[in-house]
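What's in run.tsv: TSV, C-alpha atoms
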chain	number	residue	atom	x	y	z
A	1	MET	CA	5.30	-15.41	17.70
A	2	GLU	CA	8.32	-16.82	15.92
A	3	SER	CA	11.17	-14.44	15.21
A	4	THR	CA	14.17	-14.52	12.93
A	5	ALA	CA	17.13	-12.32	12.10
A	6	GLY	CA	19.23	-12.24	8.97
A	7	ALA	CA	20.24	-10.25	5.92
A	8	GLY	CA	17.82	-11.64	3.38
A	9	GLN	CA	14.71	-10.33	1.68
A	10	LEU	CA	11.02	-10.84	2.29
A	11	LEU	CA	9.73	-11.81	-1.16
A	12	ALA	CA	6.28	-12.56	-2.55
A	13	ILE	CA	4.66	-14.24	-5.53
A	14	SER	CA	1.22	-15.58	-6.40
A	15	ASP	CA	-0.86	-17.18	-9.14
A	16	LEU	CA	1.78	-19.70	-10.12
A	17	HIS	CA	-0.81	-21.85	-11.95
A	18	ILE	CA	1.59	-24.73	-12.40
A	19	SER	CA	-0.89	-26.83	-14.37
A	20	TYR	CA	0.64	-24.92	-17.29
A	21	PRO	CA	3.99	-26.60	-18.12
A	22	GLU	CA	5.64	-23.21	-18.73
A	23	ASN	CA	4.64	-22.08	-15.24
A	24	ARG	CA	5.82	-25.32	-13.66
A	25	THR	CA	9.20	-24.65	-15.25
A	26	LEU	CA	9.24	-21.21	-13.62
A	27	VAL	CA	8.88	-22.84	-10.20
A	28	GLU	CA	11.59	-25.37	-11.02
A	29	ARG	CA	13.94	-22.47	-11.78
A	30	MET	CA	12.96	-20.24	-8.84
A	31	ARG	CA	15.71	-19.63	-6.31
A	32	PRO	CA	16.22	-17.30	-3.32
A	33	THR	CA	18.74	-14.47	-3.50
A	34	THR	CA	20.26	-15.41	-0.11
A	35	ASP	CA	19.96	-18.23	2.41
A	36	ASP	CA	17.83	-15.94	4.61
A	37	ASP	CA	15.08	-15.12	2.12
A	38	TRP	CA	11.44	-15.70	3.03
A	39	LEU	CA	8.80	-16.25	0.36
A	40	ILE	CA	5.09	-15.41	0.58
A	41	VAL	CA	2.95	-17.44	-1.85
A	42	ALA	CA	-0.39	-15.63	-2.09
A	43	GLY	CA	-2.58	-18.30	-3.62
A	44	ASP	CA	-3.51	-20.00	-6.87
A	45	VAL	CA	-0.59	-22.40	-6.87
A	46	ALA	CA	-2.63	-25.08	-8.67
A	47	GLU	CA	-5.95	-26.94	-8.69
A	48	THR	CA	-4.88	-30.38	-7.48
A	49	VAL	CA	-3.44	-31.33	-4.11
A	50	GLU	CA	-0.63	-33.24	-5.80
A	51	ASP	CA	0.51	-30.15	-7.73
A	52	ILE	CA	0.12	-27.88	-4.69
A	53	ARG	CA	2.24	-30.26	-2.62
A	54	TRP	CA	4.95	-30.40	-5.28
A	55	ALA	CA	5.19	-26.62	-5.75
A	56	LEU	CA	5.13	-25.65	-2.07
A	57	GLY	CA	7.49	-28.49	-1.16
A	58	THR	CA	9.93	-27.43	-3.87
A	59	LEU	CA	9.92	-23.84	-2.63
A	60	ALA	CA	10.10	-24.84	1.04
A	61	ASP	CA	13.29	-26.78	0.30
A	62	ARG	CA	14.92	-23.63	-1.11
A	63	PHE	CA	13.69	-20.66	0.94
A	64	ALA	CA	14.36	-20.10	4.64
A	65	LYS	CA	10.61	-19.82	5.21
A	66	VAL	CA	7.56	-20.13	2.97
A	67	LEU	CA	4.16	-18.69	3.92
A	68	TRP	CA	1.03	-19.67	1.98
A	69	ALA	CA	-2.36	-18.01	1.72
A	70	PRO	CA	-4.95	-19.94	-0.31
A	71	GLY	CA	-6.42	-18.71	-3.55
A	72	ASN	CA	-9.69	-19.73	-5.09
A	73	HIS	CA	-8.05	-22.33	-7.36
A	74	GLU	CA	-6.67	-24.34	-4.41
A	75	LEU	CA	-10.17	-24.41	-2.92
A	76	TRP	CA	-11.83	-25.75	-6.04
A	77	THR	CA	-13.09	-29.32	-5.95
A	78	HIS	CA	-11.76	-29.93	-9.44
A	79	PRO	CA	-12.82	-32.96	-11.50
A	80	LYS	CA	-9.14	-33.67	-12.28
A	81	ASP	CA	-8.20	-33.91	-8.60
A	82	THR	CA	-8.25	-37.29	-6.85
A	83	VAL	CA	-8.92	-35.45	-3.57
A	84	THR	CA	-12.67	-34.83	-3.60
A	85	LEU	CA	-12.98	-32.91	-0.33
A	86	ARG	CA	-15.11	-29.77	-0.40
A	87	GLY	CA	-15.12	-26.43	1.39
A	88	VAL	CA	-13.66	-26.27	4.89
A	89	ALA	CA	-12.58	-29.91	4.78
A	90	ARG	CA	-10.51	-29.25	1.65
A	91	TYR	CA	-8.93	-26.16	3.19
A	92	GLU	CA	-8.05	-28.04	6.37
A	93	HIS	CA	-6.52	-30.83	4.28
A	94	LEU	CA	-4.31	-28.27	2.51
A	95	VAL	CA	-3.28	-26.79	5.86
A	96	ALA	CA	-2.23	-30.27	6.98
A	97	VAL	CA	-0.21	-30.73	3.77
A	98	CYS	CA	1.54	-27.41	4.38
A	99	ARG	CA	2.41	-28.38	7.93
A	100	GLU	CA	3.98	-31.60	6.67
A	101	LEU	CA	6.12	-29.47	4.36
A	102	GLY	CA	7.02	-26.85	6.98
A	103	VAL	CA	5.03	-24.15	5.16
A	104	LEU	CA	3.22	-21.60	7.32
A	105	THR	CA	-0.51	-21.06	6.77
A	106	PRO	CA	-3.21	-18.65	7.96
A	107	GLU	CA	-3.84	-21.07	10.85
A	108	ASP	CA	-0.33	-20.74	12.29
A	109	PRO	CA	1.15	-18.08	14.60
A	110	TYR	CA	2.26	-15.05	12.59
A	111	PRO	CA	6.08	-14.98	12.35
A	112	VAL	CA	8.06	-11.77	12.83
A	113	TRP	CA	10.44	-10.77	10.07
A	114	ARG	CA	13.54	-9.24	11.69
A	115	GLY	CA	15.61	-8.91	8.57
A	116	PRO	CA	16.12	-5.64	6.66
A	117	GLY	CA	13.02	-3.47	6.95
A	118	GLY	CA	11.79	-5.27	10.07
A	119	PRO	CA	10.56	-6.02	12.56
A	120	VAL	CA	7.12	-6.70	11.09
A	121	ALA	CA	4.60	-9.45	11.68
A	122	VAL	CA	3.96	-11.33	8.44
A	123	ALA	CA	0.39	-12.60	8.31
A	124	PRO	CA	-0.89	-14.88	5.53
A	125	LEU	CA	-4.66	-14.44	5.46
A	126	PHE	CA	-7.59	-16.50	4.22
A	127	LEU	CA	-10.61	-14.22	3.84
A	128	LEU	CA	-12.58	-15.08	0.67
A	129	TYR	CA	-15.19	-12.62	-0.69
A	130	ASP	CA	-18.81	-11.76	-0.02
A	131	TYR	CA	-20.08	-10.18	-3.27
A	132	SER	CA	-19.91	-6.70	-1.73
A	133	PHE	CA	-17.79	-5.36	-4.64
A	134	LEU	CA	-20.94	-5.00	-6.72
A	135	PRO	CA	-21.10	-3.67	-10.30
A	136	ASP	CA	-22.42	-0.15	-10.78
A	137	GLY	CA	-26.20	-0.09	-10.69
A	138	CYS	CA	-26.49	-3.37	-8.76
A	139	ALA	CA	-27.78	-3.29	-5.18
A	140	THR	CA	-27.66	-6.99	-4.27
A	141	LYS	CA	-25.72	-10.17	-4.96
A	142	THR	CA	-28.66	-11.41	-7.02
A	143	ASP	CA	-28.54	-8.29	-9.18
A	144	GLY	CA	-24.78	-8.56	-9.55
A	145	LEU	CA	-24.81	-12.21	-10.56
A	146	ALA	CA	-27.62	-11.61	-13.03
A	147	TYR	CA	-25.59	-8.83	-14.63
A	148	ALA	CA	-22.43	-10.97	-14.72
A	149	HIS	CA	-24.28	-13.83	-16.40
A	150	SER	CA	-25.67	-11.39	-18.96
A	151	THR	CA	-22.12	-10.37	-19.89
A	152	GLY	CA	-20.71	-13.91	-19.79
A	153	ILE	CA	-18.09	-12.95	-17.17
A	154	VAL	CA	-18.70	-15.45	-14.37
A	155	CYS	CA	-16.00	-16.83	-12.09
A	156	ASN	CA	-15.56	-20.61	-12.12
A	157	ASP	CA	-15.93	-20.47	-8.33
A	158	GLU	CA	-19.67	-20.53	-8.91
A	159	TYR	CA	-19.29	-24.13	-10.07
A	160	LEU	CA	-16.17	-25.44	-8.30
A	161	LEU	CA	-15.65	-23.61	-4.97
A	162	HIS	CA	-18.00	-25.11	-2.40
A	163	PRO	CA	-18.48	-23.49	1.04
A	164	ASP	CA	-19.49	-26.66	2.97
A	165	PRO	CA	-20.54	-26.71	5.77
A	166	TYR	CA	-21.39	-23.00	5.42
A	167	PRO	CA	-24.58	-22.28	3.45
A	168	THR	CA	-22.83	-19.79	1.13
A	169	ARG	CA	-19.39	-18.50	0.23
A	170	GLU	CA	-20.25	-15.14	1.78
A	171	ASP	CA	-21.08	-16.86	5.09
A	172	TRP	CA	-17.69	-18.56	5.01
A	173	CYS	CA	-16.08	-15.21	4.17
A	174	ARG	CA	-17.71	-13.45	7.14
A	175	ALA	CA	-16.57	-16.18	9.50
A	176	ARG	CA	-13.01	-15.97	8.18
A	177	VAL	CA	-12.97	-12.17	8.46
A	178	ALA	CA	-14.21	-12.25	12.07
A	179	GLU	CA	-11.63	-14.83	13.18
A	180	THR	CA	-8.77	-13.14	11.33
A	181	GLU	CA	-9.74	-9.73	12.73
A	182	ARG	CA	-9.62	-11.17	16.23
A	183	ARG	CA	-6.15	-12.61	15.73
A	184	LEU	CA	-4.73	-9.46	14.15
A	185	ALA	CA	-6.09	-7.37	17.01
A	186	GLU	CA	-4.02	-9.49	19.42
A	187	LEU	CA	-0.72	-8.41	17.82
A	188	PRO	CA	1.36	-5.85	19.76
A	189	ALA	CA	0.03	-2.36	19.11
A	190	ASP	CA	3.48	-1.07	18.12
A	191	LEU	CA	4.29	-3.88	15.66
A	192	PRO	CA	3.84	-3.11	11.94
A	193	THR	CA	2.50	-5.82	9.64
A	194	VAL	CA	2.72	-7.24	6.17
A	195	LEU	CA	-0.69	-8.70	5.36
A	196	ALA	CA	-0.75	-11.21	2.50
A	197	ALA	CA	-3.97	-12.54	1.00
A	198	HIS	CA	-5.11	-13.76	-2.38
A	199	TYR	CA	-7.57	-10.87	-2.61
A	200	PRO	CA	-6.81	-7.18	-1.96
A	201	LEU	CA	-8.07	-5.72	1.32
A	202	ASP	CA	-9.55	-2.75	-0.54
A	203	ARG	CA	-11.51	-2.54	-3.78
A	204	HIS	CA	-9.32	0.06	-5.53
A	205	PRO	CA	-7.04	-2.46	-7.35
A	206	THR	CA	-10.08	-3.81	-9.23
A	207	ASP	CA	-10.85	-0.41	-10.77
A	208	VAL	CA	-8.67	-1.27	-13.78
A	209	LEU	CA	-10.35	-4.57	-14.68
A	210	TRP	CA	-11.55	-4.77	-18.26
A	211	TYR	CA	-14.65	-6.50	-16.89
A	212	PRO	CA	-15.65	-4.61	-13.72
A	213	GLU	CA	-18.28	-7.22	-12.83
A	214	PHE	CA	-15.47	-9.64	-11.96
A	215	ALA	CA	-14.74	-7.54	-8.88
A	216	MET	CA	-17.53	-9.43	-7.09
A	217	TRP	CA	-15.14	-12.38	-6.71
A	218	CYS	CA	-12.22	-10.21	-5.54
A	219	GLY	CA	-12.73	-9.34	-1.87
A	220	THR	CA	-14.97	-7.77	0.74
A	221	THR	CA	-15.70	-4.27	2.00
A	222	LEU	CA	-15.35	-5.67	5.54
A	223	THR	CA	-11.55	-5.27	5.28
A	224	ALA	CA	-11.49	-1.78	3.72
A	225	ASP	CA	-9.87	-0.14	6.77
A	226	TRP	CA	-7.49	-2.93	7.77
A	227	HIS	CA	-4.47	-1.32	6.11
A	228	HIS	CA	-4.69	1.41	8.76
A	229	ARG	CA	-6.18	-0.52	11.67
A	230	PHE	CA	-3.42	-3.11	11.59
A	231	ARG	CA	-0.41	-0.87	10.80
A	232	VAL	CA	0.23	-2.34	7.36
A	233	GLU	CA	3.62	-1.68	5.78
A	234	THR	CA	2.66	-3.55	2.61
A	235	MET	CA	-0.50	-5.35	1.53
A	236	VAL	CA	0.45	-8.30	-0.70
A	237	TYR	CA	-2.19	-9.85	-2.97
A	238	GLY	CA	-2.71	-11.59	-6.30
A	239	HIS	CA	-5.78	-12.92	-8.17
A	240	LEU	CA	-6.10	-10.04	-10.67
A	241	HIS	CA	-3.12	-11.06	-12.82
A	242	ILE	CA	-2.11	-7.39	-13.01
A	243	PRO	CA	1.30	-7.23	-11.26
A	244	ARG	CA	1.94	-3.67	-10.11
A	245	THR	CA	2.51	-1.39	-7.15
A	246	THR	CA	-0.19	1.04	-6.05
A	247	TRP	CA	-0.49	3.30	-3.04
A	248	HIS	CA	-3.77	3.74	-1.18
A	249	GLU	CA	-4.05	6.24	1.65
A	250	GLY	CA	-0.28	6.11	2.07
A	251	VAL	CA	-0.08	2.30	2.18
A	252	ARG	CA	1.67	0.19	-0.44
A	253	PHE	CA	-0.42	-2.48	-2.18
A	254	GLU	CA	1.68	-5.01	-4.10
A	255	GLU	CA	0.09	-7.30	-6.70
A	256	VAL	CA	2.51	-10.20	-7.21
A	257	SER	CA	0.82	-12.49	-9.75
A	258	VAL	CA	2.61	-14.59	-12.33
A	259	GLY	CA	-0.60	-15.40	-14.20
A	260	TYR	CA	-1.11	-17.50	-17.29
A	261	PRO	CA	1.55	-17.86	-20.02
A	262	ARG	CA	-0.60	-15.91	-22.49
A	263	GLU	CA	-0.46	-13.00	-20.04
A	264	TRP	CA	3.17	-13.01	-18.89
A	265	ARG	CA	4.56	-13.49	-22.40
A	266	LYS	CA	3.40	-9.92	-23.17
A	267	ARG	CA	5.28	-8.34	-20.26
A	268	PRO	CA	8.75	-6.82	-20.53
A	269	VAL	CA	9.77	-8.22	-17.11
A	270	PRO	CA	10.92	-11.88	-17.06
A	271	PRO	CA	8.25	-14.10	-15.46
A	272	GLY	CA	8.53	-16.05	-12.24
A	273	GLN	CA	10.55	-13.48	-10.31
A	274	PRO	CA	9.31	-12.98	-6.71
A	275	ARG	CA	8.65	-9.35	-5.87
A	276	PRO	CA	10.65	-7.75	-3.01
A	277	VAL	CA	8.40	-6.71	-0.12
A	278	LEU	CA	11.08	-5.85	2.46
A	279	PRO	CA	13.38	-4.06	2.48
A	280	MET	CA	11.16	-1.64	0.61
A	281	GLU	CA	12.78	-0.07	-2.42
A	282	VAL	CA	10.42	2.46	-3.94
A	283	GLY	CA	11.46	3.83	-7.29
A	284	PRO	CA	10.34	7.23	-8.60
A	285	GLY	CA	7.67	5.65	-10.79
A	286	ASP	CA	6.18	3.32	-8.19
A	287	ARG	CA	3.97	5.69	-6.23
A	288	GLY	CA	0.67	5.96	-8.02
A	289	ALA	CA	1.74	3.52	-10.73
A	290	ALA	CA	-0.31	3.62	-13.89
A	291	PRO	CA	-3.16	1.10	-14.14
A	292	GLY	CA	-2.25	-2.21	-15.67
A	293	VAL	CA	1.52	-1.84	-15.37
A	294	GLY	CA	3.17	-5.14	-16.18
A	295	GLY	CA	0.31	-7.15	-17.53
A	296	GLY	CA	-2.73	-5.39	-18.91
A	297	ARG	CA	-6.19	-5.29	-17.47
A	298	GLY	CA	-6.81	-8.91	-16.75
A	299	VAL	CA	-9.53	-11.15	-15.44
A	300	ALA	CA	-8.53	-14.03	-13.16
A	301	ARG	CA	-10.91	-16.94	-13.62

As structure tokens, how would this structure be written, given the file I've shared?
Amino acid sequence: MESTAGAGQLLAISDLHISYPENRTLVERMRPTTDDDWLIVAGDVAETVEDIRWALGTLADRFAKVLWAPGNHELWTHPKDTVTLRGVARYEHLVAVCRELGVLTPEDPYPVWRGPGGPVAVAPLFLLYDYSFLPDGCATKTDGLAYAHSTGIVCNDEYLLHPDPYPTREDWCRARVAETERRLAELPADLPTVLAAHYPLDRHPTDVLWYPEFAMWCGTTLTADWHHRFRVETMVYGHLHIPRTTWHEGVRFEEVSVGYPREWRKRPVPPGQPRPVLPMEVGPGDRGAAPGVGGGRGVAR
């Protein structure tokens, strides 16, 4: 495992969505606070490889280290993208792009942050979802999807995120969970972790969604105990477009989304500011923060 020492911060951000010109400008203006800052980018940078390359390359030139975990938007085979790869092949292509840029991915050894608040292993994760966050009254994926279609709240993944060569997205998810679980179990038993994924490890952050059926595309019950099993200091995630801090069973969950301009314009906090992960500074209002703090009860599409 790679190690580093310094006086910087471990920062995180997600859901940059730079296809929106206002969001692209936020990335152009983003700067570290010190030369030692690391930045976690927890998915949904953009939909095209060209935009993903530009954003991650820009950030990699400025921050001491950038770590990327894919979101659903990066995995889309979008009609506007000249790269037409699907599924695993698309993900592997993005990993190769990141390696050209010096950006760490879920396929690389987990680095150890030895700055303030460390040492901790920082693990970007790619886990997907398996439709196990079902709506109330639904017992199966089929039931859940039927209900979602009846409400009109259906994630675009159903049309753009292909699992090839896996038969289904949930099969791909289960394979990713098994491999990631194996790698995390190999970390030293006394080393805390920061786990960063596009989706939360536990379902509780989705409880505030205006449209609860959208939770089906937000994670898997297979990771519900990972925040304890793997000694998590902070669980970093995005996807929900509801930036806030919550605490679950004594563990900090940090939602770090920027979101769409129509969402961040309503927030009192200036957009595009990475959230500090370490050193941890917990204010009196952070523990048990009220639902929807910072952005309302959103739906990420």

Show me, as CSV, the residues of region 54-110 of chain A having an atom within 10 Å of region 236-241 of chain A, each with the closest atom pair and its distance in Å, using all atoms listed in the file.
residue,atom,partner,partner_atom,distance
A:Ala69,CA,A:Tyr237,CA,9.4
A:Gly71,CA,A:His239,CA,7.4
A:Asn72,CA,A:His239,CA,8.4
A:His73,CA,A:His239,CA,9.7

Step by step: start from the point (6.8, -9.9, 1.2) in the file's coordinates, keep every protein, DNA or RNA residue that has an atom no farther than 7 Å from it, count only C-alpha atoms, and write the set as number ranges by chain. A: 10-12, 39-40, 194, 236, 276-278

Counting only C-alpha atoms, figure out which residue out of A:Leu104, A:Val269, A:Ala64, A:Leu184 gets nearest to Arg231 (chain A).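 The closest residue to Arg231 (chain A) is A:Leu184.
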
Would you pick out the contacts of region 201-216 of chain A at 9 Å or less, using all atoms listed in the file, so that residues sharing its chain but fewer than 6 positions from it are not included, and give the list as a ChimeraX atom specification? /A:129-136,141,144-145,147-148,151,153-155,195,222-227,235,237,240,242,246,248,253,255,291-292,296-301

From the options A:Pro261, A:Thr140, A:Phe230, A:Ser19, which residue's atoms come nearest to Lys80 (chain A), counting only C-alpha atoms? A:Ser19

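As for CA of Ala139 (chain A) and CA of Asn156 (chain A), they are spaced 22.3 Å apart.
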
For Ala185 (chain A), the nearest of the candidates A:Arg53, A:His17, A:Arg229, A:Arg29, counting all atoms listed in the file: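 That would be A:Arg229, the residue with the smallest distance to Ala185 (chain A).
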
Can you pull out the residues contacting region 175-177 of chain A? Cut-off 10 Å, using all atoms listed in the file, and skip same-chain residues under 2 positions away; I want them as a PyMOL selection string. chain A and resi 125-129+166+169-173+179-183+220+222-223

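With all atoms listed in the file as the atoms that count, the residue of A:Pro279, A:Pro270, A:Trp76, A:Thr193 with the shortest distance to Val251 (chain A) is A:Thr193.
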
Which of A:Thr48, A:Pro109, A:Asp35, A:Cys98 sits closest to Thr82 (chain A) [using only C-alpha atoms]: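 Using only C-alpha atoms, the shortest distance to Thr82 (chain A) belongs to A:Thr48.
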